[in-house]
>>> print(open('structure09.txt').read())   # compact mmCIF, N, CA and C atoms and all ligand atoms
# COMPACT_ATOMS: atom_id res chain seq x y z
N MET W 59 132.23 140.76 99.17
CA MET W 59 130.79 140.82 99.39
C MET W 59 130.14 139.61 98.74
N SER W 60 129.00 139.28 99.29
CA SER W 60 128.17 138.26 98.64
C SER W 60 126.73 138.58 98.97
N GLY W 61 125.83 137.98 98.25
CA GLY W 61 124.44 138.01 98.65
C GLY W 61 124.23 137.00 99.75
N PRO W 62 122.99 136.80 100.18
CA PRO W 62 122.73 135.78 101.21
C PRO W 62 123.19 134.41 100.71
N LEU W 63 123.87 133.70 101.57
CA LEU W 63 124.34 132.36 101.24
C LEU W 63 123.76 131.37 102.24
N GLN W 64 123.44 130.22 101.76
CA GLN W 64 122.91 129.18 102.64
C GLN W 64 124.04 128.25 103.05
N GLU W 65 124.10 127.93 104.34
CA GLU W 65 125.16 127.05 104.82
C GLU W 65 124.87 125.59 104.48
N LEU W 66 125.86 124.94 103.92
CA LEU W 66 125.77 123.50 103.69
C LEU W 66 126.35 122.81 104.92
N THR W 67 125.60 121.90 105.50
CA THR W 67 126.12 121.20 106.68
C THR W 67 126.26 119.71 106.41
N ASP W 68 126.01 119.31 105.19
CA ASP W 68 126.08 117.90 104.82
C ASP W 68 127.29 117.68 103.91
N TYR W 69 128.27 116.96 104.43
CA TYR W 69 129.49 116.71 103.66
C TYR W 69 129.15 116.13 102.28
N ASP W 70 128.15 115.28 102.24
CA ASP W 70 127.82 114.61 100.98
C ASP W 70 127.24 115.57 99.94
N ALA W 71 126.88 116.79 100.37
CA ALA W 71 126.36 117.76 99.41
C ALA W 71 127.48 118.45 98.63
N LEU W 72 128.72 118.28 99.11
CA LEU W 72 129.85 118.88 98.41
C LEU W 72 130.17 118.07 97.15
N ARG W 73 130.62 118.79 96.13
CA ARG W 73 130.94 118.13 94.87
C ARG W 73 132.45 117.99 94.77
N MET W 74 132.91 116.78 94.71
CA MET W 74 134.35 116.53 94.74
C MET W 74 134.96 116.35 93.35
N GLU W 75 134.19 116.58 92.31
CA GLU W 75 134.77 116.42 90.97
C GLU W 75 135.83 117.50 90.73
N TYR W 76 136.91 117.11 90.05
CA TYR W 76 137.95 118.06 89.69
C TYR W 76 137.43 119.05 88.66
N ASP W 77 137.97 120.27 88.72
CA ASP W 77 137.74 121.27 87.69
C ASP W 77 136.29 121.73 87.60
N GLY W 78 135.56 121.62 88.69
CA GLY W 78 134.19 122.12 88.74
C GLY W 78 133.93 122.71 90.10
N PRO W 79 132.82 123.42 90.25
CA PRO W 79 132.54 124.08 91.54
C PRO W 79 132.34 123.08 92.68
N LEU W 80 132.92 123.42 93.83
CA LEU W 80 132.78 122.58 95.02
C LEU W 80 131.35 122.57 95.53
N MET W 81 130.67 123.71 95.36
CA MET W 81 129.27 123.80 95.76
C MET W 81 128.57 124.79 94.85
N ALA W 82 127.24 124.78 94.92
CA ALA W 82 126.46 125.66 94.05
C ALA W 82 126.65 127.11 94.44
N VAL W 83 126.45 127.99 93.50
CA VAL W 83 126.40 129.42 93.79
C VAL W 83 125.28 129.65 94.81
N GLY W 84 125.55 130.48 95.80
CA GLY W 84 124.53 130.77 96.80
C GLY W 84 124.64 129.90 98.04
N SER W 85 125.64 129.05 98.08
CA SER W 85 125.83 128.24 99.29
C SER W 85 127.29 128.32 99.74
N TYR W 86 127.51 127.96 100.98
CA TYR W 86 128.87 127.93 101.52
C TYR W 86 128.94 126.82 102.53
N CYS W 87 130.14 126.47 102.93
CA CYS W 87 130.27 125.59 104.09
C CYS W 87 131.40 126.09 104.96
N ARG W 88 131.37 125.70 106.20
CA ARG W 88 132.49 125.97 107.08
C ARG W 88 133.57 124.94 106.80
N SER W 89 134.81 125.39 106.87
CA SER W 89 135.91 124.51 106.49
C SER W 89 135.97 123.26 107.36
N GLU W 90 135.49 123.38 108.61
CA GLU W 90 135.53 122.22 109.50
C GLU W 90 134.73 121.04 108.95
N LEU W 91 133.77 121.34 108.07
CA LEU W 91 132.97 120.26 107.50
C LEU W 91 133.85 119.30 106.70
N ILE W 92 134.90 119.84 106.16
CA ILE W 92 135.72 119.04 105.25
C ILE W 92 137.11 118.78 105.81
N VAL W 93 137.65 119.74 106.56
CA VAL W 93 139.02 119.61 107.03
C VAL W 93 139.15 118.49 108.06
N THR W 94 138.07 118.19 108.76
CA THR W 94 138.14 117.09 109.71
C THR W 94 138.25 115.75 108.99
N GLU W 95 137.84 115.73 107.74
CA GLU W 95 137.85 114.49 106.98
C GLU W 95 139.19 114.24 106.31
N GLU W 96 139.84 115.29 105.87
CA GLU W 96 141.04 115.13 105.06
C GLU W 96 141.75 116.47 104.96
N LEU W 97 142.98 116.42 104.54
CA LEU W 97 143.68 117.65 104.20
C LEU W 97 143.13 118.11 102.86
N PHE W 98 142.55 119.29 102.83
CA PHE W 98 141.82 119.69 101.64
C PHE W 98 142.46 120.90 100.99
N TYR W 99 143.46 120.68 100.19
CA TYR W 99 144.09 121.73 99.38
C TYR W 99 144.48 122.95 100.22
N GLY W 100 145.00 122.69 101.39
CA GLY W 100 145.50 123.78 102.22
C GLY W 100 144.46 124.45 103.09
N ALA W 101 143.20 124.05 102.98
CA ALA W 101 142.17 124.68 103.81
C ALA W 101 142.45 124.41 105.29
N GLN W 102 142.13 125.39 106.12
CA GLN W 102 142.37 125.32 107.55
C GLN W 102 141.05 125.43 108.29
N ASP W 103 141.08 125.16 109.58
CA ASP W 103 139.91 125.42 110.40
C ASP W 103 139.59 126.92 110.37
N ASN W 104 138.36 127.25 110.75
CA ASN W 104 137.93 128.65 110.85
C ASN W 104 137.99 129.39 109.52
N GLU W 105 137.56 128.71 108.49
CA GLU W 105 137.43 129.35 107.19
C GLU W 105 136.02 129.06 106.64
N ILE W 106 135.59 129.97 105.79
CA ILE W 106 134.38 129.75 105.00
C ILE W 106 134.84 129.32 103.61
N LEU W 107 134.21 128.30 103.10
CA LEU W 107 134.50 127.88 101.73
C LEU W 107 133.29 128.20 100.87
N VAL W 108 133.55 128.81 99.73
CA VAL W 108 132.46 129.28 98.89
C VAL W 108 132.92 129.20 97.44
N TYR W 109 131.98 129.12 96.53
CA TYR W 109 132.35 129.14 95.12
C TYR W 109 132.54 130.58 94.68
N ARG W 110 133.52 130.80 93.83
CA ARG W 110 133.90 132.15 93.42
C ARG W 110 132.72 132.99 92.91
N ASP W 111 131.83 132.37 92.16
CA ASP W 111 130.75 133.13 91.55
C ASP W 111 129.74 133.64 92.57
N SER W 112 129.84 133.19 93.82
CA SER W 112 128.96 133.72 94.86
C SER W 112 129.47 135.06 95.39
N LEU W 113 130.70 135.41 95.05
CA LEU W 113 131.29 136.64 95.57
C LEU W 113 131.14 137.76 94.55
N THR W 114 130.87 138.96 95.06
CA THR W 114 130.79 140.12 94.18
C THR W 114 131.85 141.13 94.62
N ASP W 115 132.25 141.98 93.73
CA ASP W 115 133.18 143.07 94.05
C ASP W 115 134.55 142.58 94.52
N VAL W 116 134.97 141.41 94.10
CA VAL W 116 136.31 140.99 94.48
C VAL W 116 137.27 141.30 93.34
N ILE W 117 138.52 141.55 93.72
CA ILE W 117 139.55 141.90 92.75
C ILE W 117 140.62 140.81 92.80
N GLU W 118 141.01 140.35 91.64
CA GLU W 118 142.09 139.36 91.58
C GLU W 118 143.43 140.06 91.74
N GLY W 119 144.34 139.41 92.43
CA GLY W 119 145.66 139.99 92.59
C GLY W 119 146.60 138.95 93.16
N GLY W 120 147.79 139.41 93.51
CA GLY W 120 148.76 138.50 94.10
C GLY W 120 149.19 137.44 93.12
N PRO W 121 149.90 136.45 93.60
CA PRO W 121 150.31 135.37 92.71
C PRO W 121 149.11 134.47 92.43
N ARG W 122 148.82 134.26 91.19
CA ARG W 122 147.72 133.37 90.81
C ARG W 122 148.31 132.28 89.93
N VAL W 123 149.17 131.48 90.57
CA VAL W 123 149.97 130.52 89.83
C VAL W 123 149.35 129.14 89.89
N GLY W 124 149.33 128.48 88.77
CA GLY W 124 148.84 127.11 88.70
C GLY W 124 148.98 126.63 87.29
N CYS W 125 148.50 125.46 87.03
CA CYS W 125 148.64 124.96 85.67
C CYS W 125 147.49 125.44 84.80
N CYS W 126 146.26 125.41 85.30
CA CYS W 126 145.11 125.93 84.53
C CYS W 126 144.36 127.01 85.29
N GLY W 127 144.71 127.23 86.53
CA GLY W 127 144.05 128.24 87.35
C GLY W 127 144.84 128.37 88.63
N PRO W 128 144.49 129.33 89.48
CA PRO W 128 145.26 129.53 90.71
C PRO W 128 145.20 128.29 91.61
N GLY W 129 146.35 127.90 92.13
CA GLY W 129 146.38 126.73 92.98
C GLY W 129 147.56 126.73 93.93
N ASP W 130 148.18 127.90 94.11
CA ASP W 130 149.39 127.91 94.93
C ASP W 130 149.15 128.38 96.36
N ARG W 131 147.87 128.44 96.76
CA ARG W 131 147.52 128.64 98.18
C ARG W 131 147.98 129.99 98.72
N LYS W 132 148.06 131.00 97.88
CA LYS W 132 148.43 132.34 98.35
C LYS W 132 147.23 133.27 98.25
N TRP W 133 147.27 134.35 99.02
CA TRP W 133 146.20 135.35 98.94
C TRP W 133 146.08 135.83 97.49
N ASN W 134 144.90 135.69 96.92
CA ASN W 134 144.77 136.12 95.53
C ASN W 134 143.43 136.78 95.22
N LEU W 135 142.63 137.02 96.27
CA LEU W 135 141.40 137.80 96.09
C LEU W 135 141.38 138.92 97.12
N PHE W 136 140.99 140.09 96.68
CA PHE W 136 141.05 141.29 97.51
C PHE W 136 139.74 142.06 97.39
N CYS W 137 139.46 142.86 98.40
CA CYS W 137 138.27 143.70 98.33
C CYS W 137 138.63 144.98 97.57
N GLN W 138 137.63 145.84 97.40
CA GLN W 138 137.85 147.07 96.64
C GLN W 138 138.93 147.95 97.27
N GLU W 139 139.09 147.81 98.60
CA GLU W 139 140.13 148.60 99.27
C GLU W 139 141.46 147.86 99.32
N LYS W 140 141.56 146.79 98.56
CA LYS W 140 142.80 146.03 98.42
C LYS W 140 143.16 145.23 99.67
N HIS W 141 142.20 144.99 100.54
CA HIS W 141 142.47 144.12 101.68
C HIS W 141 142.38 142.66 101.22
N ARG W 142 143.23 141.84 101.80
CA ARG W 142 143.16 140.41 101.50
C ARG W 142 141.85 139.85 102.02
N ILE W 143 141.14 139.11 101.19
CA ILE W 143 139.96 138.44 101.73
C ILE W 143 139.94 136.95 101.48
N GLY W 144 140.61 136.50 100.44
CA GLY W 144 140.46 135.08 100.18
C GLY W 144 141.54 134.48 99.32
N ILE W 145 141.49 133.17 99.29
CA ILE W 145 142.43 132.37 98.51
C ILE W 145 141.61 131.52 97.56
N GLU W 146 141.66 131.88 96.30
CA GLU W 146 140.91 131.10 95.31
C GLU W 146 141.73 129.90 94.88
N MET W 147 141.08 128.75 94.87
CA MET W 147 141.70 127.51 94.42
C MET W 147 140.90 127.04 93.21
N ALA W 148 141.49 127.07 92.05
CA ALA W 148 140.70 126.78 90.85
C ALA W 148 141.56 126.16 89.75
N ASP W 149 142.44 125.25 90.13
CA ASP W 149 143.21 124.57 89.09
C ASP W 149 142.44 123.32 88.65
N CYS W 150 142.97 122.65 87.63
CA CYS W 150 142.21 121.55 87.01
C CYS W 150 142.16 120.30 87.87
N TYR W 151 143.07 120.19 88.84
CA TYR W 151 143.15 118.95 89.61
C TYR W 151 142.48 119.06 90.98
N MET W 152 141.52 119.96 91.09
CA MET W 152 140.85 120.17 92.37
C MET W 152 139.44 120.69 92.10
N PRO W 153 138.52 120.46 93.05
CA PRO W 153 137.26 121.19 92.97
C PRO W 153 137.53 122.68 93.16
N HIS W 154 136.76 123.53 92.54
CA HIS W 154 137.03 124.97 92.61
C HIS W 154 136.28 125.61 93.77
N PHE W 155 137.01 126.39 94.56
CA PHE W 155 136.41 127.05 95.72
C PHE W 155 137.30 128.20 96.15
N VAL W 156 136.77 129.02 97.04
CA VAL W 156 137.54 130.12 97.63
C VAL W 156 137.56 129.92 99.14
N ARG W 157 138.75 130.05 99.72
CA ARG W 157 138.89 130.01 101.18
C ARG W 157 138.79 131.44 101.71
N LEU W 158 137.87 131.67 102.61
CA LEU W 158 137.73 132.97 103.26
C LEU W 158 137.96 132.77 104.75
N PRO W 159 139.17 133.05 105.24
CA PRO W 159 139.41 132.92 106.68
C PRO W 159 138.46 133.83 107.46
N LEU W 160 137.91 133.30 108.55
CA LEU W 160 136.93 134.08 109.33
C LEU W 160 137.54 135.35 109.89
N THR W 161 138.86 135.40 109.99
CA THR W 161 139.52 136.62 110.44
C THR W 161 139.43 137.73 109.40
N HIS W 162 139.05 137.39 108.18
CA HIS W 162 139.06 138.37 107.10
C HIS W 162 137.68 138.64 106.51
N VAL W 163 136.67 137.98 107.02
CA VAL W 163 135.31 138.23 106.52
C VAL W 163 134.38 138.42 107.70
N LYS W 164 133.25 139.00 107.43
CA LYS W 164 132.23 139.21 108.45
C LYS W 164 130.99 138.45 108.01
N LEU W 165 130.54 137.55 108.88
CA LEU W 165 129.31 136.81 108.60
C LEU W 165 128.15 137.56 109.21
N ILE W 166 127.13 137.79 108.43
CA ILE W 166 125.93 138.45 108.94
C ILE W 166 124.76 137.50 108.79
N LYS W 167 124.15 137.19 109.90
CA LYS W 167 123.05 136.23 109.86
C LYS W 167 121.77 136.90 109.38
N VAL W 168 121.13 136.29 108.42
CA VAL W 168 119.85 136.81 107.97
C VAL W 168 118.79 135.74 108.17
N ASN W 169 117.65 136.16 108.59
CA ASN W 169 116.55 135.21 108.76
C ASN W 169 115.78 135.12 107.47
N CYS W 170 115.49 133.91 107.11
CA CYS W 170 114.76 133.69 105.86
C CYS W 170 113.72 132.62 106.14
N ASP W 171 112.47 133.03 106.19
CA ASP W 171 111.40 132.08 106.49
C ASP W 171 110.83 131.44 105.23
N ALA W 172 111.27 131.91 104.09
CA ALA W 172 110.70 131.40 102.84
C ALA W 172 111.09 129.93 102.64
ZN ZN W 201 145.74 122.29 84.94
>>> encode(input="structure09.txt", output="structure tokens")
Amino acid sequence: MSGPLQELTDYDALRMEYDGPLMAVGSYCRSELIVTEELFYGAQDNEILVYRDSLTDVIEGGPRVGCCGPGDRKWNLFCQEKHRIGIEMADCYMPHFVRLPLTHVKLIKVNCDA
């Protein structure tokens, strides 16, 4: 689950520094924004990329192997019912983000005129 998230459509808005969030809490991007540019830590087309702190009610599980944080590209975030929802990437040599394949999440569009 997450609260409303704003889509980032500008590649330059992504933060590429190692060991820090790829984007601000409350925003996400589609993986195509970045995967077309480069191979990005295993990210594939048709995924949502989001910072971990934007997600609520997720449970850590599976292999979470890395040197300073999970980085082995395996399912490691689950919903309360233990369904796979995402792959958290958060080791020291990468920007930190979660891959949410669109096959495993539901996007709900909300209108916000504010
Ligand atoms: Zn490390």
>>> residues_near_ligand(input="structure09.txt", ligand="ligand ZN 201 (chain W)", cutoff="6 Å", atoms="all atoms listed in the file", output="list in words")
Gly124, Cys125, Cys126, Gly127, Asp149, Cys150 and Tyr151 of chain W
>>> closest_residue(input="structure09.txt", among="W:Asp77, W:Asp68, W:Ser60, W:Arg88", to="Asn104 of chain W", atoms="only C-alpha atoms")
W:Arg88
>>> atom_distance(input="structure09.txt", atom1="atom C of Met147 of chain W", atom2="atom CA of Val168 of chain W")
27.5 Å
>>> select_by_dssp(input="structure09.txt", residues="segment 70-160 of chain W", states="strand (DSSP E)", output="PyMOL selection string")
chain W and resi 85-88+105-108+117-118+135-136+142-147+155-159
>>> residues_near_point(input="structure09.txt", point="(151.4, 136.7, 93.0)", cutoff="10 Å", atoms="only C-alpha atoms", output="compact mmCIF listing (two decimals) with N, CA and C atoms, keeping the file's coordinate frame")
# COMPACT_ATOMS: atom_id res chain seq x y z
N GLU W 118 141.01 140.35 91.64
CA GLU W 118 142.09 139.36 91.58
C GLU W 118 143.43 140.06 91.74
N GLY W 119 144.34 139.41 92.43
CA GLY W 119 145.66 139.99 92.59
C GLY W 119 146.60 138.95 93.16
N GLY W 120 147.79 139.41 93.51
CA GLY W 120 148.76 138.50 94.10
C GLY W 120 149.19 137.44 93.12
N PRO W 121 149.90 136.45 93.60
CA PRO W 121 150.31 135.37 92.71
C PRO W 121 149.11 134.47 92.43
N ARG W 122 148.82 134.26 91.19
CA ARG W 122 147.72 133.37 90.81
C ARG W 122 148.31 132.28 89.93
N VAL W 123 149.17 131.48 90.57
CA VAL W 123 149.97 130.52 89.83
C VAL W 123 149.35 129.14 89.89
N PRO W 128 144.49 129.33 89.48
CA PRO W 128 145.26 129.53 90.71
C PRO W 128 145.20 128.29 91.61
N ASP W 130 148.18 127.90 94.11
CA ASP W 130 149.39 127.91 94.93
C ASP W 130 149.15 128.38 96.36
N LYS W 132 148.06 131.00 97.88
CA LYS W 132 148.43 132.34 98.35
C LYS W 132 147.23 133.27 98.25
N TRP W 133 147.27 134.35 99.02
CA TRP W 133 146.20 135.35 98.94
C TRP W 133 146.08 135.83 97.49
N ASN W 134 144.90 135.69 96.92
CA ASN W 134 144.77 136.12 95.53
C ASN W 134 143.43 136.78 95.22
>>> closest_residue(input="structure09.txt", among="W:Ile106, W:Phe98, W:Met74, W:Thr67", to="Lys164 of chain W", atoms="only C-alpha atoms")
W:Ile106
>>> closest_residue(input="structure09.txt", among="W:Phe155, W:Gln138, W:Ala71, W:Val93", to="Asp115 of chain W", atoms="all atoms listed in the file")
W:Gln138
>>> atom_distance(input="structure09.txt", atom1="atom CA of Gly100 of chain W", atom2="atom CA of Thr114 of chain W")
23.4 Å
>>> closest_residue(input="structure09.txt", among="W:Pro153, W:Gly129, W:Pro159, W:Gly84", to="Glu65 of chain W", atoms="only N, CA and C atoms")
W:Gly84
>>> select_by_dssp(input="structure09.txt", residues="segment 74-106 of chain W", states="alpha helix (DSSP H)", output="PDB file with N, CA and C atoms, keeping the file's coordinate frame")
ATOM      1  N   GLU W  90     135.490 123.380 108.610  1.00  0.00           N
ATOM      2  CA  GLU W  90     135.530 122.220 109.500  1.00  0.00           C
ATOM      3  C   GLU W  90     134.730 121.040 108.950  1.00  0.00           C
ATOM      4  N   LEU W  91     133.770 121.340 108.070  1.00  0.00           N
ATOM      5  CA  LEU W  91     132.970 120.260 107.500  1.00  0.00           C
ATOM      6  C   LEU W  91     133.850 119.300 106.700  1.00  0.00           C
ATOM      7  N   ILE W  92     134.900 119.840 106.160  1.00  0.00           N
ATOM      8  CA  ILE W  92     135.720 119.040 105.250  1.00  0.00           C
ATOM      9  C   ILE W  92     137.110 118.780 105.810  1.00  0.00           C
ATOM     10  N   VAL W  93     137.650 119.740 106.560  1.00  0.00           N
ATOM     11  CA  VAL W  93     139.020 119.610 107.030  1.00  0.00           C
ATOM     12  C   VAL W  93     139.150 118.490 108.060  1.00  0.00           C
TER      13      VAL W  93
END
>>> axis_aligned_box(input="structure09.txt", around="segment 160-168 of chain W", padding_each_side="4 Å", output="AutoDock Vina command-line options")
--center_x 129.2 --center_y 136.3 --center_z 108.5 --size_x 28.7 --size_y 13.9 --size_z 11.9
>>> closest_residue(input="structure09.txt", among="W:Met152, W:Glu96, W:Ile117, W:Leu135", to="Tyr76 of chain W", atoms="all atoms listed in the file")
W:Met152
>>> closest_residue(input="structure09.txt", among="W:Glu105, W:Glu75, W:Glu90, W:Asp111", to="Leu158 of chain W", atoms="only N, CA and C atoms")
W:Glu105
>>> atom_distance(input="structure09.txt", atom1="atom CA of Ala101 of chain W", atom2="atom CA of Ser89 of chain W")
6.8 Å
>>> residues_around(input="structure09.txt", residues="Met81 of chain W", least_positions_apart="4", cutoff="8 Å", atoms="only N, CA and C atoms", output="list in words")
Ala71, Leu72, Arg73, Met74, Ser85, Tyr86, Cys87, Leu107, Val108, Tyr109, Arg110, Pro153, His154 and Phe155 of chain W
>>> write_last_selection(input="structure09.txt", atoms="N, CA and C atoms", output="mmCIF file, in the coordinates of the input")
data_model
loop_
_atom_site.group_PDB
_atom_site.id
_atom_site.type_symbol
_atom_site.label_atom_id
_atom_site.label_comp_id
_atom_site.auth_asym_id
_atom_site.auth_seq_id
_atom_site.Cartn_x
_atom_site.Cartn_y
_atom_site.Cartn_z
ATOM 1 N N ALA W 71 126.880 116.790 100.370
ATOM 2 C CA ALA W 71 126.360 117.760 99.410
ATOM 3 C C ALA W 71 127.480 118.450 98.630
ATOM 4 N N LEU W 72 128.720 118.280 99.110
ATOM 5 C CA LEU W 72 129.850 118.880 98.410
ATOM 6 C C LEU W 72 130.170 118.070 97.150
ATOM 7 N N ARG W 73 130.620 118.790 96.130
ATOM 8 C CA ARG W 73 130.940 118.130 94.870
ATOM 9 C C ARG W 73 132.450 117.990 94.770
ATOM 10 N N MET W 74 132.910 116.780 94.710
ATOM 11 C CA MET W 74 134.350 116.530 94.740
ATOM 12 C C MET W 74 134.960 116.350 93.350
ATOM 13 N N SER W 85 125.640 129.050 98.080
ATOM 14 C CA SER W 85 125.830 128.240 99.290
ATOM 15 C C SER W 85 127.290 128.320 99.740
ATOM 16 N N TYR W 86 127.510 127.960 100.980
ATOM 17 C CA TYR W 86 128.870 127.930 101.520
ATOM 18 C C TYR W 86 128.940 126.820 102.530
ATOM 19 N N CYS W 87 130.140 126.470 102.930
ATOM 20 C CA CYS W 87 130.270 125.590 104.090
ATOM 21 C C CYS W 87 131.400 126.090 104.960
ATOM 22 N N LEU W 107 134.210 128.300 103.100
ATOM 23 C CA LEU W 107 134.500 127.880 101.730
ATOM 24 C C LEU W 107 133.290 128.200 100.870
ATOM 25 N N VAL W 108 133.550 128.810 99.730
ATOM 26 C CA VAL W 108 132.460 129.280 98.890
ATOM 27 C C VAL W 108 132.920 129.200 97.440
ATOM 28 N N TYR W 109 131.980 129.120 96.530
ATOM 29 C CA TYR W 109 132.350 129.140 95.120
ATOM 30 C C TYR W 109 132.540 130.580 94.680
ATOM 31 N N ARG W 110 133.520 130.800 93.830
ATOM 32 C CA ARG W 110 133.900 132.150 93.420
ATOM 33 C C ARG W 110 132.720 132.990 92.910
ATOM 34 N N PRO W 153 138.520 120.460 93.050
ATOM 35 C CA PRO W 153 137.260 121.190 92.970
ATOM 36 C C PRO W 153 137.530 122.680 93.160
ATOM 37 N N HIS W 154 136.760 123.530 92.540
ATOM 38 C CA HIS W 154 137.030 124.970 92.610
ATOM 39 C C HIS W 154 136.280 125.610 93.770
ATOM 40 N N PHE W 155 137.010 126.390 94.560
ATOM 41 C CA PHE W 155 136.410 127.050 95.720
ATOM 42 C C PHE W 155 137.300 128.200 96.150
#
